[in-house]
file protein_38.cif (mmCIF, C-alpha atoms)
data_run
#
loop_
_atom_site.group_PDB
_atom_site.id
_atom_site.type_symbol
_atom_site.label_atom_id
_atom_site.label_comp_id
_atom_site.auth_asym_id
_atom_site.auth_seq_id
_atom_site.Cartn_x
_atom_site.Cartn_y
_atom_site.Cartn_z
ATOM 1 C CA MET E 1 86.005 84.354 109.631
ATOM 2 C CA LYS E 2 83.180 85.492 107.345
ATOM 3 C CA CYS E 3 84.153 86.897 103.955
ATOM 4 C CA MET E 4 83.131 90.534 103.688
ATOM 5 C CA TYR E 5 82.322 90.115 99.989
ATOM 6 C CA CYS E 6 80.241 86.939 99.769
ATOM 7 C CA GLY E 7 79.558 86.032 103.413
ATOM 8 C CA CYS E 8 81.175 82.595 103.161
ATOM 9 C CA GLU E 9 82.545 81.384 106.493
ATOM 10 C CA ASP E 10 85.472 79.498 104.993
ATOM 11 C CA SER E 11 88.730 81.342 104.393
ATOM 12 C CA LYS E 12 92.386 80.505 104.540
ATOM 13 C CA VAL E 13 95.181 82.524 106.092
ATOM 14 C CA ILE E 14 97.760 83.574 103.514
ATOM 15 C CA ASP E 15 100.014 85.706 105.718
ATOM 16 C CA SER E 16 100.269 86.562 109.450
ATOM 17 C CA ARG E 17 102.347 89.413 110.839
ATOM 18 C CA SER E 18 102.641 91.120 114.176
ATOM 19 C CA THR E 19 101.790 94.839 114.138
ATOM 20 C CA GLU E 20 104.478 97.402 114.956
ATOM 21 C CA ASP E 21 103.337 97.844 118.550
ATOM 22 C CA GLY E 22 103.231 94.069 119.031
ATOM 23 C CA LYS E 23 99.735 94.198 120.515
ATOM 24 C CA SER E 24 97.879 92.578 117.638
ATOM 25 C CA ILE E 25 98.337 90.239 114.680
ATOM 26 C CA ARG E 26 97.469 91.233 111.132
ATOM 27 C CA ARG E 27 96.177 88.322 109.045
ATOM 28 C CA ARG E 28 95.773 88.367 105.269
ATOM 29 C CA ARG E 29 92.983 85.948 104.274
ATOM 30 C CA GLU E 30 91.560 84.542 101.058
ATOM 31 C CA CYS E 31 87.940 83.438 100.737
ATOM 32 C CA ILE E 32 87.555 79.793 99.679
ATOM 33 C CA ASN E 33 84.288 80.607 97.837
ATOM 34 C CA CYS E 34 84.947 83.822 95.863
ATOM 35 C CA GLY E 35 88.772 83.995 96.023
ATOM 36 C CA LYS E 36 88.850 87.626 97.173
ATOM 37 C CA ARG E 37 91.347 88.701 99.807
ATOM 38 C CA PHE E 38 90.757 90.683 102.974
ATOM 39 C CA THR E 39 92.648 91.617 106.138
ATOM 40 C CA THR E 40 91.701 90.877 109.730
ATOM 41 C CA PHE E 41 93.309 91.861 113.029
ATOM 42 C CA GLU E 42 93.503 89.686 116.103
ATOM 43 C CA THR E 43 93.893 91.443 119.462
ATOM 44 C CA ILE E 44 93.751 90.447 123.109
ATOM 45 C CA GLU E 45 90.317 91.009 124.564
ATOM 46 C CA ILE E 46 90.560 93.416 127.466
ATOM 47 C CA VAL E 47 87.961 92.874 130.154
ATOM 48 C CA PRO E 48 86.787 96.290 131.314
ATOM 49 C CA PHE E 49 86.615 97.049 135.006
ATOM 50 C CA LEU E 50 84.877 99.630 137.151
ATOM 51 C CA VAL E 51 86.516 102.170 139.429
ATOM 52 C CA VAL E 52 84.848 102.534 142.821
ATOM 53 C CA LYS E 53 85.186 106.167 143.914
ATOM 54 C CA ARG E 54 85.465 107.368 147.536
ATOM 55 C CA ASP E 55 81.772 108.254 147.632
ATOM 56 C CA GLY E 56 80.848 104.726 146.531
ATOM 57 C CA THR E 57 79.882 105.600 142.961
ATOM 58 C CA ARG E 58 81.199 103.455 140.149
ATOM 59 C CA GLN E 59 82.444 104.466 136.732
ATOM 60 C CA SER E 60 84.286 102.824 133.874
ATOM 61 C CA TYR E 61 88.060 102.950 134.024
ATOM 62 C CA ASP E 62 89.388 105.780 131.874
ATOM 63 C CA ARG E 63 93.052 105.683 130.887
ATOM 64 C CA THR E 64 93.021 109.353 129.853
ATOM 65 C CA LYS E 65 91.896 110.451 133.342
ATOM 66 C CA LEU E 66 94.750 108.506 134.905
ATOM 67 C CA LYS E 67 97.267 109.987 132.480
ATOM 68 C CA LYS E 68 95.927 113.535 133.011
ATOM 69 C CA GLY E 69 96.335 113.188 136.780
ATOM 70 C CA ILE E 70 99.908 112.011 136.400
ATOM 71 C CA LEU E 71 100.649 114.751 133.840
ATOM 72 C CA ARG E 72 99.371 117.402 136.247
ATOM 73 C CA SER E 73 101.669 116.208 139.023
ATOM 74 C CA CYS E 74 104.662 116.041 136.640
ATOM 75 C CA GLU E 75 104.142 119.524 135.196
ATOM 76 C CA LYS E 76 107.417 121.481 134.881
ATOM 77 C CA ARG E 77 109.396 118.472 136.119
ATOM 78 C CA PRO E 78 112.159 116.636 134.222
ATOM 79 C CA ILE E 79 109.882 113.710 133.383
ATOM 80 C CA SER E 80 109.391 112.690 129.760
ATOM 81 C CA MET E 81 106.137 111.592 128.136
ATOM 82 C CA ALA E 82 107.723 108.174 127.646
ATOM 83 C CA GLN E 83 108.195 107.884 131.424
ATOM 84 C CA ILE E 84 104.596 108.964 132.029
ATOM 85 C CA ASP E 85 103.353 106.416 129.481
ATOM 86 C CA GLN E 86 105.486 103.798 131.206
ATOM 87 C CA ILE E 87 103.839 104.629 134.565
ATOM 88 C CA VAL E 88 100.368 104.322 133.005
ATOM 89 C CA GLU E 89 101.330 100.994 131.372
ATOM 90 C CA SER E 90 102.746 99.641 134.627
ATOM 91 C CA VAL E 91 99.677 100.660 136.650
ATOM 92 C CA GLU E 92 97.301 99.216 134.034
ATOM 93 C CA LYS E 93 99.267 95.968 133.910
ATOM 94 C CA GLN E 94 98.935 95.587 137.677
ATOM 95 C CA LEU E 95 95.217 96.420 137.546
ATOM 96 C CA TYR E 96 94.471 93.905 134.778
ATOM 97 C CA ASN E 97 96.626 91.249 136.455
ATOM 98 C CA SER E 98 94.570 91.603 139.630
ATOM 99 C CA LEU E 99 91.616 90.095 137.698
ATOM 100 C CA GLU E 100 89.210 92.183 139.785
ATOM 101 C CA GLN E 101 86.144 93.640 138.080
ATOM 102 C CA GLU E 102 85.895 96.542 140.542
ATOM 103 C CA ILE E 103 88.951 98.433 141.747
ATOM 104 C CA THR E 104 88.941 101.274 144.254
ATOM 105 C CA SER E 105 90.313 104.639 143.231
ATOM 106 C CA SER E 106 92.529 104.484 146.325
ATOM 107 C CA LYS E 107 94.241 101.334 145.004
ATOM 108 C CA ILE E 108 94.891 103.065 141.676
ATOM 109 C CA GLY E 109 96.266 106.095 143.513
ATOM 110 C CA ASP E 110 98.562 103.902 145.621
ATOM 111 C CA LEU E 111 99.916 102.211 142.490
ATOM 112 C CA VAL E 112 100.616 105.584 140.839
ATOM 113 C CA MET E 113 102.364 106.842 143.968
ATOM 114 C CA GLU E 114 104.555 103.709 144.050
ATOM 115 C CA GLU E 115 105.647 104.507 140.494
ATOM 116 C CA LEU E 116 106.181 108.241 141.079
ATOM 117 C CA LYS E 117 108.112 108.040 144.355
ATOM 118 C CA PRO E 118 111.407 106.697 142.946
ATOM 119 C CA LEU E 119 111.052 108.799 139.779
ATOM 120 C CA ASP E 120 110.522 112.306 141.182
ATOM 121 C CA GLU E 121 109.763 113.354 144.769
ATOM 122 C CA VAL E 122 108.111 116.631 143.774
ATOM 123 C CA ALA E 123 105.720 114.891 141.375
ATOM 124 C CA TYR E 124 105.042 112.313 144.085
ATOM 125 C CA ILE E 125 104.157 115.009 146.642
ATOM 126 C CA ARG E 126 101.969 116.858 144.127
ATOM 127 C CA PHE E 127 100.061 113.669 143.310
ATOM 128 C CA ALA E 128 99.782 112.766 146.997
ATOM 129 C CA ALA E 129 98.474 116.246 147.836
ATOM 130 C CA VAL E 130 95.480 115.764 145.552
ATOM 131 C CA TYR E 131 95.037 112.029 146.054
ATOM 132 C CA ARG E 132 95.295 112.106 149.852
ATOM 133 C CA GLN E 133 93.447 115.421 150.031
ATOM 134 C CA PHE E 134 95.900 117.288 152.242
ATOM 135 C CA LYS E 135 93.771 119.583 154.376
ATOM 136 C CA ASP E 136 96.563 121.591 156.020
ATOM 137 C CA SER E 137 100.320 121.962 156.273
ATOM 138 C CA ALA E 138 100.546 119.348 159.056
ATOM 139 C CA THR E 139 99.217 116.645 156.742
ATOM 140 C CA PHE E 140 101.659 117.800 154.081
ATOM 141 C CA PHE E 141 104.608 117.625 156.482
ATOM 142 C CA GLU E 142 103.577 114.152 157.671
ATOM 143 C CA GLU E 143 103.741 112.897 154.094
ATOM 144 C CA MET E 144 107.082 114.635 153.534
ATOM 145 C CA SER E 145 108.510 113.026 156.663
ATOM 146 C CA ARG E 146 107.327 109.601 155.452
ATOM 147 C CA ILE E 147 109.245 110.120 152.217
ATOM 148 C CA PHE E 148 112.443 111.110 153.944
ATOM 149 C CA GLY E 149 112.052 108.596 156.778
ATOM 150 C CA GLN E 150 112.026 111.172 159.553
ATOM 151 C CA PRO E 151 109.297 111.565 162.144
ATOM 152 C CA PRO E 152 107.355 114.849 162.040
ATOM 153 C CA LYS E 153 108.340 117.390 164.681
ATOM 154 C CA GLY E 154 106.932 116.497 168.085
ATOM 155 C CA LYS E 155 106.535 112.797 167.209
ATOM 156 C CA LYS E 156 109.011 110.021 167.843
ATOM 157 C CA LYS E 157 109.794 107.360 165.285
ATOM 158 C CA LYS E 158 108.626 103.904 166.342
#
call {"tool": "encode", "arguments": {"input": "protein_38.cif", "output": "structure tokens"}}
result
Amino acid sequence: MKCMYCGCEDSKVIDSRSTEDGKSIRRRRECINCGKRFTTFETIEIVPFLVVKRDGTRQSYDRTKLKKGILRSCEKRPISMAQIDQIVESVEKQLYNSLEQEITSSKIGDLVMEELKPLDEVAYIRFAAVYRQFKDSATFFEEMSRIFGQPPKGKKKK
């Protein structure tokens, strides 16, 4: 690590501590050349990935867009911000663990729906309505029947 004061590349670590969130390590260093102290942070390098939209366009993954979509579906529902953050964390963990550089928006949507379904059925249906682009009430009722395990009227369960 280069000293910020003299540019020397030799330094020694005096103290190492994990940050409060546990996602990085704070290191206190002392320059071998000038003796001045400075702090560095070590974090895990996150490899960015692209989201492939339905129309084939690609854009960088944006955590805030994911969270906003989930927030919208959970509006006026008994779901805390901590639960929403937990959903975002869980989805991101699965996305990063896939090691894919390009992930379809439909895969992200499926992961969110898997997290929402056991948490709150109304939020799940709201998210599904936008994500699956319900065109009419029949599509809506098909999704509802899938949730409750009953075939839609006029159709027999296989």
call {"tool": "residues_around", "arguments": {"input": "protein_38.cif", "residues": "Lys76 in chain E", "least_positions_apart": "2", "cutoff": "12 Å", "atoms": "only C-alpha atoms", "output": "list in words"}}
result
Leu71, Arg72, Ser73, Cys74, Pro78, Ile79, Ser80, Asp120, Val122, Ala123 and Arg126 of chain E
call {"tool": "write_last_selection", "arguments": {"input": "protein_38.cif", "atoms": "C-alpha atoms", "output": "mmCIF file, in the frame of the given file"}}
result
data_model
loop_
_atom_site.group_PDB
_atom_site.id
_atom_site.type_symbol
_atom_site.label_atom_id
_atom_site.label_comp_id
_atom_site.auth_asym_id
_atom_site.auth_seq_id
_atom_site.Cartn_x
_atom_site.Cartn_y
_atom_site.Cartn_z
ATOM 1 C CA LEU E 71 100.649 114.751 133.840
ATOM 2 C CA ARG E 72 99.371 117.402 136.247
ATOM 3 C CA SER E 73 101.669 116.208 139.023
ATOM 4 C CA CYS E 74 104.662 116.041 136.640
ATOM 5 C CA PRO E 78 112.159 116.636 134.222
ATOM 6 C CA ILE E 79 109.882 113.710 133.383
ATOM 7 C CA SER E 80 109.391 112.690 129.760
ATOM 8 C CA ASP E 120 110.522 112.306 141.182
ATOM 9 C CA VAL E 122 108.111 116.631 143.774
ATOM 10 C CA ALA E 123 105.720 114.891 141.375
ATOM 11 C CA ARG E 126 101.969 116.858 144.127
#
call {"tool": "residues_around", "arguments": {"input": "protein_38.cif", "residues": "Thr139 in chain E", "least_positions_apart": "3", "cutoff": "12 Å", "atoms": "all atoms listed in the file", "output": "tab-separated table (two decimals) with C-alpha atoms, in the coordinates of the input"}}
result
chain	number	residue	atom	x	y	z
E	125	ILE	CA	104.16	115.01	146.64
E	128	ALA	CA	99.78	112.77	147.00
E	129	ALA	CA	98.47	116.25	147.84
E	130	VAL	CA	95.48	115.76	145.55
E	132	ARG	CA	95.30	112.11	149.85
E	133	GLN	CA	93.45	115.42	150.03
E	134	PHE	CA	95.90	117.29	152.24
E	135	LYS	CA	93.77	119.58	154.38
E	136	ASP	CA	96.56	121.59	156.02
E	142	GLU	CA	103.58	114.15	157.67
E	143	GLU	CA	103.74	112.90	154.09
E	144	MET	CA	107.08	114.64	153.53
E	145	SER	CA	108.51	113.03	156.66
E	146	ARG	CA	107.33	109.60	155.45
E	152	PRO	CA	107.36	114.85	162.04
call {"tool": "closest_residue", "arguments": {"input": "protein_38.cif", "among": "E:Glu89, E:Glu115, E:Glu42, E:Asp110", "to": "Gly22 in chain E", "atoms": "all atoms listed in the file"}}
result
E:Glu42
call {"tool": "residues_around", "arguments": {"input": "protein_38.cif", "residues": "Lys53 in chain E", "least_positions_apart": "6", "cutoff": "9 Å", "atoms": "all atoms listed in the file", "output": "VMD selection string"}}
result
chain E and resid 59 103 to 106
call {"tool": "residues_near_point", "arguments": {"input": "protein_38.cif", "point": "(86.0, 79.1, 107.8)", "cutoff": "12 Å", "atoms": "all atoms listed in the file", "output": "ChimeraX atom specification"}}
result
/E:1-3,7-13,29-33
call {"tool": "atom_distance", "arguments": {"input": "protein_38.cif", "atom1": "CA of Ile25 in chain E", "atom2": "CA of Arg37 in chain E"}}
result
16.5 Å
call {"tool": "closest_residue", "arguments": {"input": "protein_38.cif", "among": "E:Cys34, E:Ala82, E:Ile70, E:Leu99", "to": "Leu50 in chain E", "atoms": "all atoms listed in the file"}}
result
E:Leu99
call {"tool": "residues_around", "arguments": {"input": "protein_38.cif", "residues": "Lys93 in chain E", "least_positions_apart": "5", "cutoff": "12 Å", "atoms": "all atoms listed in the file", "output": "short mmCIF file (atom, residue, chain, number, x, y, z; two decimals) with C-alpha atoms, in the frame of the given file"}}
result
data_model
loop_
_atom_site.label_atom_id
_atom_site.label_comp_id
_atom_site.auth_asym_id
_atom_site.auth_seq_id
_atom_site.Cartn_x
_atom_site.Cartn_y
_atom_site.Cartn_z
CA ILE E 46 90.56 93.42 127.47
CA ARG E 63 93.05 105.68 130.89
CA GLN E 86 105.49 103.80 131.21
CA ILE E 87 103.84 104.63 134.56
CA VAL E 88 100.37 104.32 133.00
CA SER E 98 94.57 91.60 139.63
CA LEU E 99 91.62 90.10 137.70
CA ILE E 108 94.89 103.06 141.68
CA LEU E 111 99.92 102.21 142.49
CA VAL E 112 100.62 105.58 140.84
#
call {"tool": "closest_residue", "arguments": {"input": "protein_38.cif", "among": "E:Gln94, E:Phe49, E:Gly35, E:Lys68", "to": "Phe127 in chain E", "atoms": "all atoms listed in the file"}}
result
E:Lys68
call {"tool": "axis_aligned_box", "arguments": {"input": "protein_38.cif", "around": "range 100-113 of chain E", "padding_each_side": "4 Å", "output": "AutoDock Vina command-line options"}}
result
--center_x 94.1 --center_y 99.5 --center_z 142.2 --size_x 24.5 --size_y 22.7 --size_z 16.2
call {"tool": "atom_distance", "arguments": {"input": "protein_38.cif", "atom1": "CA of Ser137 in chain E", "atom2": "CA of Asp55 in chain E"}}
result
24.6 Å
